[in-house]
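Below is target21.json, holding JSON, C-alpha atoms.
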[["chain", "number", "residue", "atom", "x", "y", "z"],
["A", 1300, "MET", "CA", 108.79, 94.82, 125.41],
["A", 1301, "LEU", "CA", 112.53, 94.74, 124.88],
["A", 1302, "GLU", "CA", 115.30, 94.17, 127.41],
["A", 1303, "VAL", "CA", 118.31, 96.29, 126.53],
["A", 1304, "GLU", "CA", 121.79, 95.95, 128.00],
["A", 1305, "ALA", "CA", 124.65, 98.24, 127.07],
["A", 1306, "PHE", "CA", 128.33, 97.57, 127.74],
["A", 1307, "GLU", "CA", 131.14, 100.02, 127.24],
["A", 1308, "SER", "CA", 134.59, 98.68, 126.49],
["A", 1309, "THR", "CA", 137.97, 100.28, 125.89],
["A", 1310, "ILE", "CA", 140.32, 99.41, 123.08],
["A", 1311, "GLU", "CA", 143.95, 100.49, 123.35],
["A", 1312, "GLN", "CA", 146.14, 100.65, 120.31],
["A", 1313, "HIS", "CA", 149.86, 101.39, 120.53],
["A", 1314, "ARG", "CA", 151.29, 103.47, 117.76],
["A", 1315, "ARG", "CA", 155.02, 103.47, 117.05],
["A", 1316, "ARG", "CA", 156.96, 106.59, 116.42],
["A", 1317, "TYR", "CA", 156.67, 107.80, 112.86],
["A", 1318, "ARG", "CA", 158.66, 110.76, 111.57],
["A", 1319, "ASP", "CA", 157.80, 113.74, 113.74],
["A", 1320, "LYS", "CA", 155.04, 111.91, 115.62],
["A", 1321, "PRO", "CA", 156.14, 110.32, 118.90],
["A", 1322, "ALA", "CA", 155.05, 106.86, 120.03],
["A", 1323, "ARG", "CA", 151.66, 106.94, 121.65],
["A", 1324, "THR", "CA", 148.69, 104.92, 122.86],
["A", 1325, "GLU", "CA", 145.30, 105.61, 121.32],
["A", 1326, "ILE", "CA", 142.23, 104.80, 123.41],
["A", 1327, "GLN", "CA", 138.87, 104.13, 121.73],
["A", 1328, "GLN", "CA", 135.59, 103.72, 123.57],
["A", 1329, "VAL", "CA", 133.23, 101.09, 122.09],
["A", 1330, "LEU", "CA", 129.58, 100.70, 123.07],
["A", 1331, "ASN", "CA", 128.09, 97.22, 122.77],
["A", 1332, "VAL", "CA", 124.29, 96.88, 122.91],
["A", 1333, "HIS", "CA", 122.46, 93.59, 123.49],
["A", 1334, "ILE", "CA", 118.70, 93.48, 122.86],
["A", 1335, "GLN", "CA", 116.42, 90.62, 123.82],
["A", 1336, "ASP", "CA", 112.65, 90.18, 123.55],
["A", 1337, "ASN", "CA", 110.69, 90.29, 126.79],
["A", 1338, "GLU", "CA", 108.35, 87.41, 126.04],
["A", 1339, "THR", "CA", 106.18, 88.03, 129.11],
["A", 1340, "ALA", "CA", 105.53, 91.67, 128.21],
["A", 1341, "ILE", "CA", 104.91, 90.80, 124.56],
["A", 1342, "GLU", "CA", 102.37, 88.14, 125.46],
["A", 1343, "THR", "CA", 100.58, 90.54, 127.84],
["A", 1344, "ALA", "CA", 100.38, 93.22, 125.13],
["A", 1345, "ARG", "CA", 99.18, 90.67, 122.57],
["A", 1346, "LYS", "CA", 96.28, 89.66, 124.83],
["A", 1347, "ARG", "CA", 95.16, 93.30, 125.05],
["A", 1348, "LEU", "CA", 95.19, 93.96, 121.31],
["A", 1349, "GLY", "CA", 91.76, 94.91, 119.95],
["A", 1350, "TRP", "CA", 90.25, 95.59, 123.38],
["A", 1351, "ARG", "CA", 88.61, 98.87, 124.35],
["A", 1352, "VAL", "CA", 87.49, 100.19, 127.70],
["A", 1353, "TYR", "CA", 83.91, 101.43, 128.04],
["A", 1354, "ALA", "CA", 82.64, 103.25, 131.10],
["A", 1355, "THR", "CA", 79.09, 104.28, 132.00],
["A", 1356, "ASN", "CA", 77.29, 105.30, 135.16],
["A", 1357, "THR", "CA", 74.13, 103.45, 134.04],
["A", 1358, "PRO", "CA", 73.40, 100.28, 136.04],
["A", 1359, "VAL", "CA", 74.08, 97.02, 134.21],
["A", 1360, "GLU", "CA", 70.42, 96.06, 134.74],
["A", 1361, "LYS", "CA", 69.40, 98.90, 132.41],
["A", 1362, "PHE", "CA", 72.41, 99.00, 130.10],
["A", 1363, "SER", "CA", 74.24, 95.83, 129.17],
["A", 1364, "LEU", "CA", 77.74, 95.63, 127.71],
["A", 1365, "ASP", "CA", 76.29, 95.03, 124.23],
["A", 1366, "ASP", "CA", 74.06, 98.10, 124.61],
["A", 1367, "ALA", "CA", 77.05, 100.21, 125.66],
["A", 1368, "VAL", "CA", 79.12, 99.12, 122.66],
["A", 1369, "LEU", "CA", 76.25, 99.75, 120.22],
["A", 1370, "ALA", "CA", 75.55, 103.16, 121.78],
["A", 1371, "TYR", "CA", 79.19, 104.11, 121.39],
["A", 1372, "ARG", "CA", 79.24, 103.06, 117.75],
["A", 1373, "ASP", "CA", 76.08, 105.02, 117.00],
["A", 1374, "GLU", "CA", 77.02, 108.09, 119.02],
["A", 1375, "TYR", "CA", 76.42, 111.53, 117.61],
["A", 1376, "ILE", "CA", 79.75, 113.05, 116.62],
["A", 1377, "ILE", "CA", 79.53, 116.82, 116.37],
["A", 1378, "GLU", "CA", 82.94, 117.06, 114.70],
["A", 1379, "ARG", "CA", 81.36, 115.54, 111.59],
["A", 1380, "CYS", "CA", 79.02, 118.53, 111.39],
["A", 1381, "PHE", "CA", 81.99, 120.89, 111.59],
["A", 1382, "GLY", "CA", 83.58, 118.94, 108.75],
["A", 1383, "ARG", "CA", 80.45, 119.44, 106.67],
["A", 1384, "PHE", "CA", 80.54, 123.14, 107.48],
["A", 1385, "LYS", "CA", 84.09, 123.57, 106.23],
["A", 1386, "GLY", "CA", 83.96, 121.06, 103.39],
["A", 1387, "LYS", "CA", 81.48, 120.04, 100.76],
["A", 1388, "PRO", "CA", 78.66, 120.72, 100.23],
["A", 1389, "LEU", "CA", 78.42, 123.77, 102.54],
["A", 1390, "SER", "CA", 81.99, 125.12, 102.16],
["A", 1391, "LEU", "CA", 81.91, 127.78, 104.86],
["A", 1392, "ILE", "CA", 84.50, 130.47, 104.02],
["A", 1393, "PRO", "CA", 83.38, 133.69, 105.77],
["A", 1394, "MET", "CA", 86.92, 135.08, 105.80],
["A", 1395, "TYR", "CA", 86.46, 136.43, 102.28],
["A", 1396, "LEU", "CA", 83.56, 138.64, 103.38],
["A", 1397, "GLN", "CA", 84.39, 142.21, 104.32],
["A", 1398, "ARG", "CA", 81.44, 142.92, 106.61],
["A", 1399, "ASP", "CA", 80.76, 141.21, 109.90],
["A", 1400, "ASP", "CA", 77.00, 141.11, 109.33],
["A", 1401, "HIS", "CA", 77.58, 139.32, 106.01],
["A", 1402, "ALA", "CA", 79.75, 136.72, 107.73],
["A", 1403, "THR", "CA", 77.11, 136.26, 110.45],
["A", 1404, "GLY", "CA", 74.37, 135.93, 107.85],
["A", 1405, "LEU", "CA", 76.36, 133.36, 105.87],
["A", 1406, "ILE", "CA", 76.97, 131.24, 108.96],
["A", 1407, "ARG", "CA", 73.28, 131.35, 109.92],
["A", 1408, "LEU", "CA", 72.18, 130.46, 106.39],
["A", 1409, "LEU", "CA", 74.57, 127.51, 106.16],
["A", 1410, "THR", "CA", 73.48, 126.40, 109.63],
["A", 1411, "ILE", "CA", 69.99, 125.91, 108.20],
["A", 1412, "GLY", "CA", 71.52, 123.87, 105.38],
["A", 1413, "LEU", "CA", 73.45, 121.79, 107.94],
["A", 1414, "ARG", "CA", 70.25, 121.05, 109.84],
["A", 1415, "VAL", "CA", 68.60, 119.92, 106.60],
["A", 1416, "LEU", "CA", 71.52, 117.60, 105.83],
["A", 1417, "THR", "CA", 71.43, 116.12, 109.34],
["A", 1418, "LEU", "CA", 67.64, 115.71, 109.34],
["A", 1419, "LEU", "CA", 67.51, 113.99, 105.95],
["A", 1420, "GLU", "CA", 70.20, 111.55, 107.02],
["A", 1421, "PHE", "CA", 68.49, 110.81, 110.33],
["A", 1422, "VAL", "CA", 65.08, 110.17, 108.73],
["A", 1423, "VAL", "CA", 66.41, 107.81, 106.05],
["A", 1424, "ARG", "CA", 68.60, 105.84, 108.45],
["A", 1425, "SER", "CA", 65.72, 105.51, 110.92],
["A", 1426, "LYS", "CA", 63.38, 104.19, 108.21],
["A", 1427, "LEU", "CA", 65.97, 101.69, 106.98],
["A", 1428, "ASP", "CA", 66.70, 100.55, 110.54],
["A", 1429, "GLU", "CA", 62.99, 100.20, 111.30],
["A", 1430, "ALA", "CA", 62.44, 98.06, 108.19],
["A", 1431, "ARG", "CA", 65.77, 96.23, 108.71],
["A", 1432, "VAL", "CA", 66.75, 96.73, 105.08],
["A", 1433, "ASP", "CA", 69.65, 98.29, 103.18],
["A", 1434, "ILE", "CA", 69.71, 100.64, 100.23],
["A", 1435, "ALA", "CA", 71.85, 99.96, 97.15],
["A", 1436, "GLY", "CA", 72.86, 101.98, 94.12],
["A", 1437, "LEU", "CA", 74.39, 104.98, 95.90],
["A", 1438, "TYR", "CA", 78.02, 104.18, 95.13],
["A", 1439, "ALA", "CA", 79.33, 104.98, 91.65],
["A", 1440, "GLY", "CA", 80.98, 102.02, 89.99],
["A", 1441, "ASN", "CA", 79.53, 99.57, 92.52],
["A", 1442, "PRO", "CA", 75.74, 99.53, 92.09],
["A", 1443, "LYS", "CA", 75.28, 96.35, 94.14],
["A", 1444, "ARG", "CA", 76.97, 97.74, 97.23],
["A", 1445, "SER", "CA", 74.36, 98.39, 99.91],
["A", 1446, "THR", "CA", 74.30, 100.21, 103.24],
["A", 1447, "SER", "CA", 71.88, 100.87, 106.06],
["A", 1448, "ARG", "CA", 73.60, 104.13, 107.03],
["A", 1449, "PRO", "CA", 73.76, 106.30, 103.90],
["A", 1450, "THR", "CA", 74.96, 109.89, 104.09],
["A", 1451, "THR", "CA", 72.85, 112.78, 102.88],
["A", 1452, "GLU", "CA", 75.55, 113.60, 100.35],
["A", 1453, "ALA", "CA", 75.21, 110.12, 98.84],
["A", 1454, "LEU", "CA", 71.42, 110.39, 98.79],
["A", 1455, "LEU", "CA", 71.53, 113.76, 97.06],
["A", 1456, "GLY", "CA", 74.12, 112.41, 94.65],
["A", 1457, "ALA", "CA", 71.54, 109.91, 93.44],
["A", 1458, "PHE", "CA", 69.60, 112.85, 91.97],
["A", 1459, "ASN", "CA", 72.40, 113.94, 89.64],
["A", 1460, "TYR", "CA", 71.81, 114.10, 85.91],
["A", 1461, "ILE", "CA", 68.25, 115.38, 86.19],
["A", 1462, "ASP", "CA", 67.43, 117.74, 83.33],
["A", 1463, "LEU", "CA", 64.59, 119.96, 82.25],
["A", 1464, "ILE", "CA", 64.84, 120.14, 78.47],
["A", 1465, "GLY", "CA", 63.08, 122.76, 76.39],
["A", 1466, "ILE", "CA", 62.66, 122.11, 72.66],
["A", 1467, "GLU", "CA", 61.58, 125.02, 70.49],
["A", 1468, "GLY", "CA", 59.29, 124.10, 67.62],
["A", 1469, "VAL", "CA", 56.76, 125.70, 65.31],
["A", 1470, "ASP", "CA", 54.10, 125.52, 68.02],
["A", 1471, "GLY", "CA", 56.33, 127.02, 70.70],
["A", 1472, "ILE", "CA", 58.57, 125.41, 73.31],
["A", 1473, "SER", "CA", 57.85, 121.91, 74.58],
["A", 1474, "TYR", "CA", 59.42, 120.71, 77.80],
["A", 1475, "HIS", "CA", 60.62, 117.31, 78.97],
["A", 1476, "LEU", "CA", 61.62, 116.41, 82.55],
["A", 1477, "THR", "CA", 63.91, 113.45, 83.22],
["A", 1478, "PRO", "CA", 61.78, 110.71, 84.80],
["A", 1479, "LEU", "CA", 62.68, 109.50, 88.28],
["A", 1480, "THR", "CA", 64.53, 106.22, 88.61],
["A", 1481, "ALA", "CA", 63.41, 103.48, 90.99],
["A", 1482, "LEU", "CA", 66.20, 104.47, 93.41],
["A", 1483, "GLN", "CA", 65.17, 108.12, 93.40],
["A", 1484, "GLN", "CA", 61.54, 107.19, 94.02],
["A", 1485, "TYR", "CA", 62.62, 104.94, 96.89],
["A", 1486, "ILE", "CA", 64.62, 107.75, 98.52],
["A", 1487, "LEU", "CA", 61.62, 110.09, 98.32],
["A", 1488, "GLU", "CA", 59.49, 107.34, 99.85],
["A", 1489, "LEU", "CA", 61.93, 106.93, 102.75],
["A", 1490, "LEU", "CA", 61.75, 110.67, 103.36],
["A", 1491, "GLY", "CA", 57.96, 110.56, 103.37],
["A", 1492, "PHE", "CA", 57.68, 112.61, 100.18],
["A", 1493, "SER", "CA", 55.44, 111.91, 97.25],
["A", 1494, "SER", "CA", 57.06, 111.74, 93.83],
["A", 1495, "ALA", "CA", 54.46, 114.32, 92.82],
["A", 1496, "ILE", "CA", 56.62, 117.08, 94.34],
["A", 1497, "TYR", "CA", 58.99, 116.35, 91.47],
["A", 1498, "THR", "CA", 56.69, 115.43, 88.62],
["A", 1499, "GLN", "CA", 54.43, 118.44, 89.20],
["A", 1500, "LEU", "CA", 57.30, 120.77, 88.30],
["A", 1501, "ILE", "CA", 56.56, 120.13, 84.65],
["A", 1502, "SER", "CA", 52.99, 121.37, 85.07],
["A", 1503, "PHE", "CA", 54.22, 124.93, 85.37],
["A", 1504, "PHE", "CA", 55.37, 124.87, 81.74],
["A", 1505, "PRO", "CA", 52.96, 124.83, 78.76],
["A", 1506, "ASN", "CA", 53.17, 122.16, 76.05],
["A", 1507, "SER", "CA", 54.99, 119.81, 78.44]]
Target encoding structure tokens, full file:
Amino acid sequence: MLEVEAFESTIEQHRRRYRDKPARTEIQQVLNVHIQDNETAIETARKRLGWRVYATNTPVEKFSLDDAVLAYRDEYIIERCFGRFKGKPLSLIPMYLQRDDHATGLIRLLTIGLRVLTLLEFVVRSKLDEARVDIAGLYAGNPKRSTSRPTTEALLGAFNYIDLIGIEGVDGISYHLTPLTALQQYILELLGFSSAIYTQLISFFPNS
């Protein structure tokens, strides 16, 4: 997008004799560079900004341009699963195991966890998309922010600060379970779970 021209010139300077140095001519090479915008190339590049190329072998009668763009945006990206493997919450670090069978077992166990994370996310997003609604309250410090594509990590984060408290008294230990919030109940509903799978935990303890 730039037109560059370079010119080399020669400058001669005559030096008179000084003490033990004879008279001489010093030659210095100077490079001059001239740069000018190529307006045609700049305008062509500006027109292409923001454009992407999509290619598919599906006939346009079955797959329109809008469908292709939406399919690309919603594509399954396997690299994200690898990121979950190596980062939170799975944190795969088999290199610290000394036995190969332990490393294999750890990978297989965390693979099950990865499938659970992926399945939970898929189910919730599908339910939200089907109902054409968003879910709010998942982002700390911004309770009104909503999304139709929550991550499993954000959904699980909504269940933080749940406590089972045991209080010892004269009649024994009494237990108290933190009640579910409206958001937590909604997430269980999206997953097709009854809140009873949580509330029934307290039934295993006497005097609750």
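For the atom pair formed by atom CA of Phe1306 of chain A and atom CA of Arg1323 of chain A, the distance is 25.9 Å, given to one decimal.
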With a distance cut-off of 6 Å and all atoms listed in the file, select the neighbouring residues of segment 1402-1419 of chain A, excluding the residue or stretch itself and same-chain residues fewer than 2 positions from it, and output the selection as JSON, numbers by chain. {"A": [1393, 1399, 1400, 1421, 1422, 1451]}
For the residues in the current selection, export C-alpha atoms as a PDB file, in the coordinates of the input.
ATOM      1  CA  PRO A1393      83.380 133.690 105.770  1.00  0.00           C
ATOM      2  CA  ASP A1399      80.760 141.210 109.900  1.00  0.00           C
ATOM      3  CA  ASP A1400      77.000 141.110 109.330  1.00  0.00           C
ATOM      4  CA  PHE A1421      68.490 110.810 110.330  1.00  0.00           C
ATOM      5  CA  VAL A1422      65.080 110.170 108.730  1.00  0.00           C
ATOM      6  CA  THR A1451      72.850 112.780 102.880  1.00  0.00           C
TER       7      THR A1451
END
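Considering the residues A:Glu1488, A:Asp1470, A:Glu1378, A:Asp1462 and counting only C-alpha atoms, Val1423 of chain A has its shortest atom-to-atom contact with A:Glu1488.
Atom CA of Gly1491 of chain A lies 20.2 Å from atom CA of Asn1459 of chain A.
Residue nearest Ala1439 of chain A within the list A:Leu1389, A:Gly1468, A:Gly1456, A:Gly1349: A:Gly1456 [criterion: smallest interatomic distance, all atoms listed in the file].
You will find atom CA of Ile1334 of chain A at 6.5 Å from atom CA of Glu1304 of chain A.
For the residues A:Met1300, A:Leu1487, A:Glu1452, A:Ala1305, ranking by smallest atom-to-atom distance to Lys1387 of chain A using all atoms listed in the file places A:Glu1452 first.
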Grab all the atoms of segment 1483-1497 of chain A that the file lists, wrap them in a box along x, y and z, add 6 Å per side, and give me centre plus edge lengths in Å (one decimal) as JSON.
{"center_x": 59.8, "center_y": 111.0, "center_z": 97.4, "size_x": 22.7, "size_y": 24.1, "size_z": 23.9}
Excluding Arg1314 of chain A and any residue of its chain fewer than 6 positions from it, enumerate the residues within 10 Å of it, using all atoms listed in the file, and give them as a PDB file with C-alpha atoms, in the coordinates of the input.
ATOM      1  CA  LYS A1320     155.040 111.910 115.620  1.00  0.00           C
ATOM      2  CA  PRO A1321     156.140 110.320 118.900  1.00  0.00           C
ATOM      3  CA  ALA A1322     155.050 106.860 120.030  1.00  0.00           C
ATOM      4  CA  ARG A1323     151.660 106.940 121.650  1.00  0.00           C
ATOM      5  CA  THR A1324     148.690 104.920 122.860  1.00  0.00           C
ATOM      6  CA  GLU A1325     145.300 105.610 121.320  1.00  0.00           C
TER       7      GLU A1325
END
Tell me, as a VMD selection string, which residues lie within 12 Å of Ala1435 of chain A, counting all atoms listed in the file; anything in the same chain fewer than 3 positions away does not count. chain A and resid 1427 1432 1438 to 1449 1453 to 1454 1457 1481 to 1483 1485 to 1486
Residues from last step as file, C-alpha atoms, as a short mmCIF file (atom, residue, chain, number, x, y, z; two decimals), in the coordinates of the input:
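Output below, filename part-v8.cif:
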data_model
loop_
_atom_site.label_atom_id
_atom_site.label_comp_id
_atom_site.auth_asym_id
_atom_site.auth_seq_id
_atom_site.Cartn_x
_atom_site.Cartn_y
_atom_site.Cartn_z
CA LEU A 1427 65.97 101.69 106.98
CA VAL A 1432 66.75 96.73 105.08
CA TYR A 1438 78.02 104.18 95.13
CA ALA A 1439 79.33 104.98 91.65
CA GLY A 1440 80.98 102.02 89.99
CA ASN A 1441 79.53 99.57 92.52
CA PRO A 1442 75.74 99.53 92.09
CA LYS A 1443 75.28 96.35 94.14
CA ARG A 1444 76.97 97.74 97.23
CA SER A 1445 74.36 98.39 99.91
CA THR A 1446 74.30 100.21 103.24
CA SER A 1447 71.88 100.87 106.06
CA ARG A 1448 73.60 104.13 107.03
CA PRO A 1449 73.76 106.30 103.90
CA ALA A 1453 75.21 110.12 98.84
CA LEU A 1454 71.42 110.39 98.79
CA ALA A 1457 71.54 109.91 93.44
CA ALA A 1481 63.41 103.48 90.99
CA LEU A 1482 66.20 104.47 93.41
CA GLN A 1483 65.17 108.12 93.40
CA TYR A 1485 62.62 104.94 96.89
CA ILE A 1486 64.62 107.75 98.52
#
